[in-house]
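Here's the structure we're looking at; comments come further down.
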Amino acid sequence: MATILSVSGSPSATSRTQRLLRHLDARLTAQGHEVIPLDVRTIPAEALLGADFRHPEIVRATALVEQADGVVVGTPVYKAAYSGLLKSLLDLLPQYALAGKTVLPLATGGSTAHVLAIDYALRPVLSSMGAAHIVPGWFTLDKDITVGDDGSLAVAPGSAEALAQVTDQFSTALGGRTALLAATG
């Protein structure tokens with residue numbers, strides 16, 4: 001099946017965004033895809049903020065994007081836009097790094113006031129980077145994501161259903177229909 005890069009743009013080590021992405025990664029893996037996680041917060045700040053295109057971690061991130069068939073981009077929403085950390089990485093990738101790729105944008109936030117951040121902030125950047133197909137994304141409220149004491153993740157039923165639907169649409173767009181039918185059948 002497809003190789004998917006799952007990018008978390010959250011600066012927090014205990015991020016709901018990152019945990020939600022890893023939860024969706026498991027669904028995509030069960031559908032037969034190879035999923036490679038990338039937490040932007042693990043890239044050294046001096047490389048991101050100093051625009052060090054030759055730093056090994058920037059070179060690695062660029063190569064991961066290049067090798068992927070599809071990219072899931074997850075971000076918390078701050079001030080009605082995607083995270084500055086994610087912006088720092090996107091700025092260092094080649095202009096058309098997403099050319100020929102299918103992309104699934106996801107966002108989390110504390111208020112429905114941020115629900116349009118995907119369409120008005122993130123989607124235009126992904127499009128300008130040449131994404132071949134940006135599937136419908138999803139915004140999940142922080143209150144709909146619960147992390148248990150053991151690290152387990154629970155997503156409120158309505159959000160869980162919507163996330164499953166957009167994830168499955170992404171999988172299908174990548175050619176995962178056979179795996180999708182096998183996983184749900």
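To be explicit about the labels: the chains of the structure tokens are called A, B, and onward in the order shown, and within each one the residues are counted from 1, while ligands get numbers from 1 in the order they are shown.
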
Selection near range 81-90 of chain A, 8 Å with only C-alpha atoms, sequence-local residues under 4 positions removed, as an MDAnalysis selection string: chainID A and resid 8:11 40:41 48:49 75:77 107 114 117:118 121:122

For range 164-174 of chain A: contacts at 10 Å, only C-alpha atoms, fewer than 2 positions along chain excluded, given as a ChimeraX atom specification: /A:1-4,24-25,27-28,31-33,69-72,101-106,133-138,159-162,176-181

Emit the selected residues as an mmCIF file, in the first residue's frame, including C-alpha atoms.
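Contents of again.cif, as written:
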```
data_model
loop_
_atom_site.group_PDB
_atom_site.id
_atom_site.type_symbol
_atom_site.label_atom_id
_atom_site.label_comp_id
_atom_site.auth_asym_id
_atom_site.auth_seq_id
_atom_site.Cartn_x
_atom_site.Cartn_y
_atom_site.Cartn_z
ATOM 1 C CA MET A 1 0.000 0.000 0.000
ATOM 2 C CA ALA A 2 1.041 3.616 0.445
ATOM 3 C CA THR A 3 3.736 5.202 2.566
ATOM 4 C CA ILE A 4 2.269 7.928 4.772
ATOM 5 C CA LEU A 24 -5.191 7.630 13.435
ATOM 6 C CA ASP A 25 -1.810 6.214 12.371
ATOM 7 C CA ARG A 27 -6.062 2.934 11.787
ATOM 8 C CA LEU A 28 -4.056 3.621 8.622
ATOM 9 C CA GLN A 31 -5.550 -0.669 6.477
ATOM 10 C CA GLY A 32 -2.188 -1.820 5.140
ATOM 11 C CA HIS A 33 -0.288 1.450 4.870
ATOM 12 C CA ASP A 69 2.796 8.974 -1.047
ATOM 13 C CA GLY A 70 0.543 10.798 1.391
ATOM 14 C CA VAL A 71 0.963 13.190 4.276
ATOM 15 C CA VAL A 72 -1.225 13.682 7.339
ATOM 16 C CA LYS A 101 0.905 13.863 -2.811
ATOM 17 C CA THR A 102 -2.440 13.318 -1.148
ATOM 18 C CA VAL A 103 -2.756 15.314 2.070
ATOM 19 C CA LEU A 104 -5.081 15.048 5.076
ATOM 20 C CA PRO A 105 -5.154 18.210 7.235
ATOM 21 C CA LEU A 106 -6.235 17.855 10.868
ATOM 22 C CA HIS A 133 -5.183 16.233 -3.620
ATOM 23 C CA ILE A 134 -6.107 17.699 -0.238
ATOM 24 C CA VAL A 135 -8.914 15.573 1.157
ATOM 25 C CA PRO A 136 -11.480 17.087 3.524
ATOM 26 C CA GLY A 137 -9.861 17.613 6.906
ATOM 27 C CA TRP A 138 -11.275 17.676 10.395
ATOM 28 C CA SER A 159 -15.695 13.222 16.651
ATOM 29 C CA ALA A 160 -14.477 9.628 16.471
ATOM 30 C CA GLU A 161 -16.940 8.867 13.669
ATOM 31 C CA ALA A 162 -15.977 11.976 11.710
ATOM 32 C CA GLY A 176 -6.419 1.872 0.002
ATOM 33 C CA ARG A 177 -9.940 0.820 -0.944
ATOM 34 C CA THR A 178 -9.161 -2.910 -0.884
ATOM 35 C CA ALA A 179 -7.468 -2.643 2.497
ATOM 36 C CA LEU A 180 -10.260 -0.406 3.756
ATOM 37 C CA LEU A 181 -12.911 -2.963 2.811
#
```

All helix (DSSP H, G or I) positions in range 16-183 of chain A, as a PyMOL selection string: chain A and resi 16-30+40-42+45-49+56-67+84-92+112-114+117-128+142-144+157-173+177-183

Residue neighbourhood Pro44 in chain A, 10 Å, only C-alpha atoms, exclusion window fewer than 6 positions, as a PyMOL selection string: chain A and resi 50+55-58

Export of prior selection with N, CA, C and O atoms as an mmCIF file, in the first residue's frame:
```
data_model
loop_
_atom_site.group_PDB
_atom_site.id
_atom_site.type_symbol
_atom_site.label_atom_id
_atom_site.label_comp_id
_atom_site.auth_asym_id
_atom_site.auth_seq_id
_atom_site.Cartn_x
_atom_site.Cartn_y
_atom_site.Cartn_z
ATOM 1 N N GLY A 50 16.778 28.916 12.634
ATOM 2 C CA GLY A 50 17.923 29.455 11.897
ATOM 3 C C GLY A 50 17.883 29.118 10.417
ATOM 4 O O GLY A 50 18.820 29.425 9.688
ATOM 5 N N HIS A 55 20.955 21.137 8.000
ATOM 6 C CA HIS A 55 20.962 20.399 9.264
ATOM 7 C C HIS A 55 20.440 18.980 8.989
ATOM 8 O O HIS A 55 19.454 18.797 8.268
ATOM 9 N N PRO A 56 21.088 17.961 9.559
ATOM 10 C CA PRO A 56 20.669 16.571 9.297
ATOM 11 C C PRO A 56 19.183 16.301 9.557
ATOM 12 O O PRO A 56 18.566 15.519 8.826
ATOM 13 N N GLU A 57 18.600 16.926 10.554
ATOM 14 C CA GLU A 57 17.180 16.684 10.836
ATOM 15 C C GLU A 57 16.261 17.357 9.806
ATOM 16 O O GLU A 57 15.185 16.844 9.509
ATOM 17 N N ILE A 58 16.677 18.477 9.269
ATOM 18 C CA ILE A 58 15.901 19.124 8.194
ATOM 19 C C ILE A 58 16.036 18.309 6.920
ATOM 20 O O ILE A 58 15.048 18.079 6.205
#
```

Residue contacts of Ala131 in chain A (6 Å, only C-alpha atoms) excluding same-chain residues fewer than 5 positions away, as a VMD selection string: chain A and resid 98 to 101
